[in-house]
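Some notes on the structure that comes next.
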Amino acid sequence: MKDKNGQACTYARAGDLVTVDDIKGKVNNGDKVYKITDKNLMKEARDRFEGKPWYKEKLLKKVDIKIEFQAYAGKYASIKVHDDRNNIVIKSLDEPTQEAVNKKFRYSNY
């Protein structure tokens, strides 16, 4: 990765312009690219919990879950997740969904 001056860099803040040398997938000049993982942030999170007496028992147990998702045009989409211990979480969107419309994607540079 290189900064806007062409210098090699390993870190950039939100909004900084960088050049990425090797990226998989089709990306055009001017497209927005989002970083979805951060090695340092994941290490910091892992380090914060490792060594705690409850770490392996609580955080690394696998739990069977069931997920129900509903979305209908004009209705509030919702997701319901429950596990084998009867823990239940239900979340809904704040506004009704819109009907899908097939349109050719057109890039706009806000």
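In the structure tokens, each chain is lettered A, B, ... as it comes, each chain's residues begin at 1, and ligands are numbered from 1 in order of appearance.
All residues of chain A that DSSP, run on the backbone, classes as strand (DSSP E or B) are Lys2, Asp3, Ala8, Val18, Thr19, Ile65, Lys66, Ile67, Glu68, Phe69, Gln70, Ser78, Ile79, Lys80, Val81, His82, Asp83, Ile88, Val89, Ile90, Lys91 and Ser92 of chain A.
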Q: Grab the CA of Val89 in chain A to CA of Glu68 in chain A distance for me, in Å with one decimal place.
A: 10.6 Å
Q: Report as a ChimeraX atom specification: the residues of chain A with a DSSP assignment of helix (DSSP H, G or I), based on the backbone of this structure.
A: /A:39-49,55-59
Using only C-alpha atoms, what does the table of range 21-93 of chain A residues within 12 Å of range 8-14 of chain A look like, with each row giving the shortest atom pair and its distance in Å to one decimal, sorted by chain and ascending number, as CSV?
residue,atom,partner,partner_atom,distance
A:Asp21,CA,A:Ala8,CA,10.5
A:Lys32,CA,A:Ala14,CA,11.7
A:Val33,CA,A:Ala14,CA,11.2
A:Tyr34,CA,A:Ala14,CA,9.6
A:Lys35,CA,A:Ala14,CA,9.9
A:Asp38,CA,A:Tyr11,CA,10.0
A:Lys39,CA,A:Tyr11,CA,11.0
A:Asn40,CA,A:Tyr11,CA,10.1
A:Leu41,CA,A:Tyr11,CA,11.9
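Residues with any atom within 12 Å of Gly6 in chain A, counting only C-alpha atoms and excluding same-chain neighbours fewer than 6 positions away, are Leu17, Val18, Thr19, Val20 and Asp21 of chain A.
Across A:Val101, A:Met1, A:Ile36, A:Ile88, the tightest approach to Ala73 in chain A is made by A:Val101 when counting only C-alpha atoms.
Atom pair CA of Lys75 in chain A / CA of Lys103 in chain A: separated by 21.9 Å.
When the distance limit is 7 Å and only C-alpha atoms are what count, the residues near Pro96 in chain A, minus those fewer than 3 positions from it on the same chain, are Gly74, Lys75, Tyr76 and Ala77 of chain A.
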Using N, CA and C atoms, can you export the residues from the last selection as a CSV table (one decimal), in the first residue's frame?
chain,number,residue,atom,x,y,z
A,74,GLY,N,-42.1,-3.3,1.6
A,74,GLY,CA,-43.0,-2.5,2.3
A,74,GLY,C,-43.2,-2.8,3.8
A,75,LYS,N,-42.5,-3.9,4.2
A,75,LYS,CA,-42.6,-4.3,5.6
A,75,LYS,C,-41.2,-4.1,6.3
A,76,TYR,N,-41.2,-4.2,7.6
A,76,TYR,CA,-39.9,-4.1,8.3
A,76,TYR,C,-39.2,-5.4,8.4
A,77,ALA,N,-38.0,-5.5,7.8
A,77,ALA,CA,-37.2,-6.7,7.8
A,77,ALA,C,-36.8,-7.0,9.2
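Taking only C-alpha atoms, the non-local environment of range 79-82 of chain A within 9 Å (same-chain residues fewer than 5 positions away omitted) comprises Asp64, Ile65, Lys66, Ile67, Glu68, Phe69, Gln70, Ala71, Asn87, Ile88, Val89, Ile90, Lys91 and Ser92 of chain A.
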Q.
Quick check, in Å to one decimal: how far apart do CA of Lys26 in chain A and CA of Lys2 in chain A lie?
A. 19.4 Å
